[in-house]
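**Q** Pasting a structure below so you can have a look.
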Amino acid sequence: AVHRTPLVGKTLRDARLRERLGVAIACVWERGKMQTAGPDTRIDEHTILVLVATRAQLDVWDETFCIYNAN
């Protein structure tokens with residue numbers, strides 16, 4: 001989940017996740033429904049990103065975003 005992160009309100013294009021972290025977005029989960037993801041997909045408080053990544057890329061993801069979700 002991306003709530004309370006700087007990703008909220010951005011499109012996937014604007015977030016530049018592949019460029020910055022090397023992860024790809026396979027699809028998004030929005031309020032119980034899986035949806036295809038494209039560059040213009042907007043990320044909101046309820047978006048769950050389904051990532052395609054190596055273990056090392058997931059570690060970078062965690063290091064980047066763990067500070068926003070302390071629970």
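In the structure tokens, chains take the letters A, B, ... in the order shown, each chain's residues start at 1, and ligands count up from 1 in the order shown.
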Quick one: residues within 12 Å of Ala53 (chain A), only C-alpha atoms, excluding same-chain residues fewer than 5 positions away - as a PDB file with all heavy atoms, in the first residue's frame?
**A**
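Okay, result.pdb is ready:
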```pdb
ATOM      1  N   LEU A  17       9.074   4.870 -11.051  1.00  0.00           N
ATOM      2  CA  LEU A  17       9.531   3.789 -10.185  1.00  0.00           C
ATOM      3  C   LEU A  17      10.542   2.870 -10.865  1.00  0.00           C
ATOM      4  O   LEU A  17      11.473   2.399 -10.219  1.00  0.00           O
ATOM      5  CB  LEU A  17       8.333   2.995  -9.667  1.00  0.00           C
ATOM      6  CG  LEU A  17       7.395   3.803  -8.778  1.00  0.00           C
ATOM      7  CD1 LEU A  17       6.130   3.011  -8.477  1.00  0.00           C
ATOM      8  CD2 LEU A  17       8.100   4.208  -7.488  1.00  0.00           C
ATOM      9  N   ARG A  18      10.355   2.613 -12.138  1.00  0.00           N
ATOM     10  CA  ARG A  18      11.326   1.759 -12.840  1.00  0.00           C
ATOM     11  C   ARG A  18      12.673   2.459 -12.931  1.00  0.00           C
ATOM     12  O   ARG A  18      13.722   1.863 -12.688  1.00  0.00           O
ATOM     13  CB  ARG A  18      10.831   1.392 -14.236  1.00  0.00           C
ATOM     14  CG  ARG A  18      11.747   0.390 -14.923  1.00  0.00           C
ATOM     15  CD  ARG A  18      11.270   0.039 -16.308  1.00  0.00           C
ATOM     16  NE  ARG A  18      10.017  -0.665 -16.279  1.00  0.00           N
ATOM     17  CZ  ARG A  18       9.860  -1.933 -16.645  1.00  0.00           C
ATOM     18  NH1 ARG A  18      10.878  -2.604 -17.083  1.00  0.00           N
ATOM     19  NH2 ARG A  18       8.681  -2.504 -16.589  1.00  0.00           N
ATOM     20  N   LEU A  21      13.928   2.929  -8.957  1.00  0.00           N
ATOM     21  CA  LEU A  21      14.110   1.768  -8.094  1.00  0.00           C
ATOM     22  C   LEU A  21      14.279   0.454  -8.848  1.00  0.00           C
ATOM     23  O   LEU A  21      14.583  -0.569  -8.247  1.00  0.00           O
ATOM     24  CB  LEU A  21      12.919   1.638  -7.138  1.00  0.00           C
ATOM     25  CG  LEU A  21      12.591   2.885  -6.321  1.00  0.00           C
ATOM     26  CD1 LEU A  21      11.327   2.663  -5.514  1.00  0.00           C
ATOM     27  CD2 LEU A  21      13.744   3.261  -5.410  1.00  0.00           C
ATOM     28  N   GLY A  22      14.030   0.481 -10.154  1.00  0.00           N
ATOM     29  CA  GLY A  22      14.169  -0.722 -10.958  1.00  0.00           C
ATOM     30  C   GLY A  22      12.969  -1.652 -10.923  1.00  0.00           C
ATOM     31  O   GLY A  22      13.008  -2.723 -11.510  1.00  0.00           O
ATOM     32  N   VAL A  23      11.902  -1.275 -10.226  1.00  0.00           N
ATOM     33  CA  VAL A  23      10.723  -2.138 -10.129  1.00  0.00           C
ATOM     34  C   VAL A  23       9.742  -1.836 -11.255  1.00  0.00           C
ATOM     35  O   VAL A  23       9.663  -0.718 -11.742  1.00  0.00           O
ATOM     36  CB  VAL A  23      10.007  -1.997  -8.770  1.00  0.00           C
ATOM     37  CG1 VAL A  23      10.937  -2.342  -7.632  1.00  0.00           C
ATOM     38  CG2 VAL A  23       9.425  -0.611  -8.577  1.00  0.00           C
ATOM     39  N   ALA A  24       9.007  -2.856 -11.660  1.00  0.00           N
ATOM     40  CA  ALA A  24       7.945  -2.685 -12.648  1.00  0.00           C
ATOM     41  C   ALA A  24       6.612  -2.883 -11.929  1.00  0.00           C
ATOM     42  O   ALA A  24       6.527  -3.632 -10.954  1.00  0.00           O
ATOM     43  CB  ALA A  24       8.095  -3.701 -13.765  1.00  0.00           C
ATOM     44  N   ILE A  25       5.590  -2.223 -12.412  1.00  0.00           N
ATOM     45  CA  ILE A  25       4.260  -2.361 -11.839  1.00  0.00           C
ATOM     46  C   ILE A  25       3.463  -3.295 -12.749  1.00  0.00           C
ATOM     47  O   ILE A  25       3.204  -2.973 -13.909  1.00  0.00           O
ATOM     48  CB  ILE A  25       3.540  -0.996 -11.714  1.00  0.00           C
ATOM     49  CG1 ILE A  25       4.421   0.004 -10.963  1.00  0.00           C
ATOM     50  CG2 ILE A  25       2.182  -1.163 -11.058  1.00  0.00           C
ATOM     51  CD1 ILE A  25       4.834  -0.416  -9.580  1.00  0.00           C
ATOM     52  N   ALA A  26       3.087  -4.460 -12.232  1.00  0.00           N
ATOM     53  CA  ALA A  26       2.334  -5.440 -13.012  1.00  0.00           C
ATOM     54  C   ALA A  26       0.880  -5.014 -13.149  1.00  0.00           C
ATOM     55  O   ALA A  26       0.285  -5.130 -14.213  1.00  0.00           O
ATOM     56  CB  ALA A  26       2.418  -6.806 -12.355  1.00  0.00           C
ATOM     57  N   LEU A  58      13.367  -5.193  -4.369  1.00  0.00           N
ATOM     58  CA  LEU A  58      12.392  -5.069  -3.278  1.00  0.00           C
ATOM     59  C   LEU A  58      13.046  -4.506  -2.020  1.00  0.00           C
ATOM     60  O   LEU A  58      12.426  -3.738  -1.286  1.00  0.00           O
ATOM     61  CB  LEU A  58      11.741  -6.415  -2.988  1.00  0.00           C
ATOM     62  CG  LEU A  58      10.793  -6.929  -4.065  1.00  0.00           C
ATOM     63  CD1 LEU A  58      10.329  -8.347  -3.717  1.00  0.00           C
ATOM     64  CD2 LEU A  58       9.621  -6.000  -4.269  1.00  0.00           C
ATOM     65  N   ASP A  59      14.293  -4.854  -1.787  1.00  0.00           N
ATOM     66  CA  ASP A  59      15.017  -4.287  -0.644  1.00  0.00           C
ATOM     67  C   ASP A  59      15.176  -2.778  -0.807  1.00  0.00           C
ATOM     68  O   ASP A  59      15.005  -2.025   0.157  1.00  0.00           O
ATOM     69  CB  ASP A  59      16.385  -4.952  -0.486  1.00  0.00           C
ATOM     70  CG  ASP A  59      16.288  -6.391  -0.010  1.00  0.00           C
ATOM     71  OD1 ASP A  59      15.218  -6.788   0.523  1.00  0.00           O
ATOM     72  OD2 ASP A  59      17.279  -7.132  -0.179  1.00  0.00           O
ATOM     73  N   VAL A  60      15.469  -2.325  -2.012  1.00  0.00           N
ATOM     74  CA  VAL A  60      15.581  -0.886  -2.275  1.00  0.00           C
ATOM     75  C   VAL A  60      14.218  -0.219  -2.070  1.00  0.00           C
ATOM     76  O   VAL A  60      14.119   0.857  -1.484  1.00  0.00           O
ATOM     77  CB  VAL A  60      16.136  -0.614  -3.693  1.00  0.00           C
ATOM     78  CG1 VAL A  60      16.056   0.858  -4.041  1.00  0.00           C
ATOM     79  CG2 VAL A  60      17.563  -1.114  -3.795  1.00  0.00           C
ATOM     80  N   TRP A  61      13.156  -0.867  -2.543  1.00  0.00           N
ATOM     81  CA  TRP A  61      11.788  -0.352  -2.329  1.00  0.00           C
ATOM     82  C   TRP A  61      11.539  -0.166  -0.828  1.00  0.00           C
ATOM     83  O   TRP A  61      11.093   0.884  -0.382  1.00  0.00           O
ATOM     84  CB  TRP A  61      10.765  -1.316  -2.926  1.00  0.00           C
ATOM     85  CG  TRP A  61       9.351  -0.973  -2.600  1.00  0.00           C
ATOM     86  CD1 TRP A  61       8.651  -1.341  -1.484  1.00  0.00           C
ATOM     87  CD2 TRP A  61       8.469  -0.164  -3.374  1.00  0.00           C
ATOM     88  NE1 TRP A  61       7.391  -0.821  -1.525  1.00  0.00           N
ATOM     89  CE2 TRP A  61       7.249  -0.100  -2.675  1.00  0.00           C
ATOM     90  CE3 TRP A  61       8.584   0.491  -4.594  1.00  0.00           C
ATOM     91  CZ2 TRP A  61       6.153   0.608  -3.154  1.00  0.00           C
ATOM     92  CZ3 TRP A  61       7.492   1.196  -5.070  1.00  0.00           C
ATOM     93  CH2 TRP A  61       6.305   1.251  -4.358  1.00  0.00           C
ATOM     94  N   ASP A  62      11.831  -1.217  -0.053  1.00  0.00           N
ATOM     95  CA  ASP A  62      11.604  -1.158   1.394  1.00  0.00           C
ATOM     96  C   ASP A  62      12.418  -0.041   2.037  1.00  0.00           C
ATOM     97  O   ASP A  62      11.902   0.694   2.879  1.00  0.00           O
ATOM     98  CB  ASP A  62      11.953  -2.490   2.047  1.00  0.00           C
ATOM     99  CG  ASP A  62      10.950  -3.583   1.717  1.00  0.00           C
ATOM    100  OD1 ASP A  62       9.832  -3.268   1.261  1.00  0.00           O
ATOM    101  OD2 ASP A  62      11.301  -4.769   1.917  1.00  0.00           O
TER     102      ASP A  62
END
```
**Q** Where does DSSP see alpha helix (DSSP H) in chain A, if you list the residues as a PyMOL selection string?
**A** chain A and resi 12-15+17-21+55-65
**Q** Rank A:Pro39, A:Met34, A:Arg4, A:Ile48 by their smallest atom-to-atom distance to Arg16 (chain A), using only C-alpha atoms, and report the top residue only.
**A**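 Selected residue with least distance to Arg16 (chain A): A:Pro39.
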**Q** Would you kindly return, as a list in words, each protein, DNA or RNA residue with an atom no farther than 7 Å from any atom of region 29-33 of chain A, considering only C-alpha atoms and excluding same-chain residues fewer than 6 positions away?
**A**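 Once the nearby chain positions are removed, what remains is His46, Thr47, Ile48 and Leu49 of chain A.
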**Q** What's the separation between CA of Phe65 (chain A) and CA of Leu7 (chain A), in Å to one decimal place?
**A** 9.7 Å
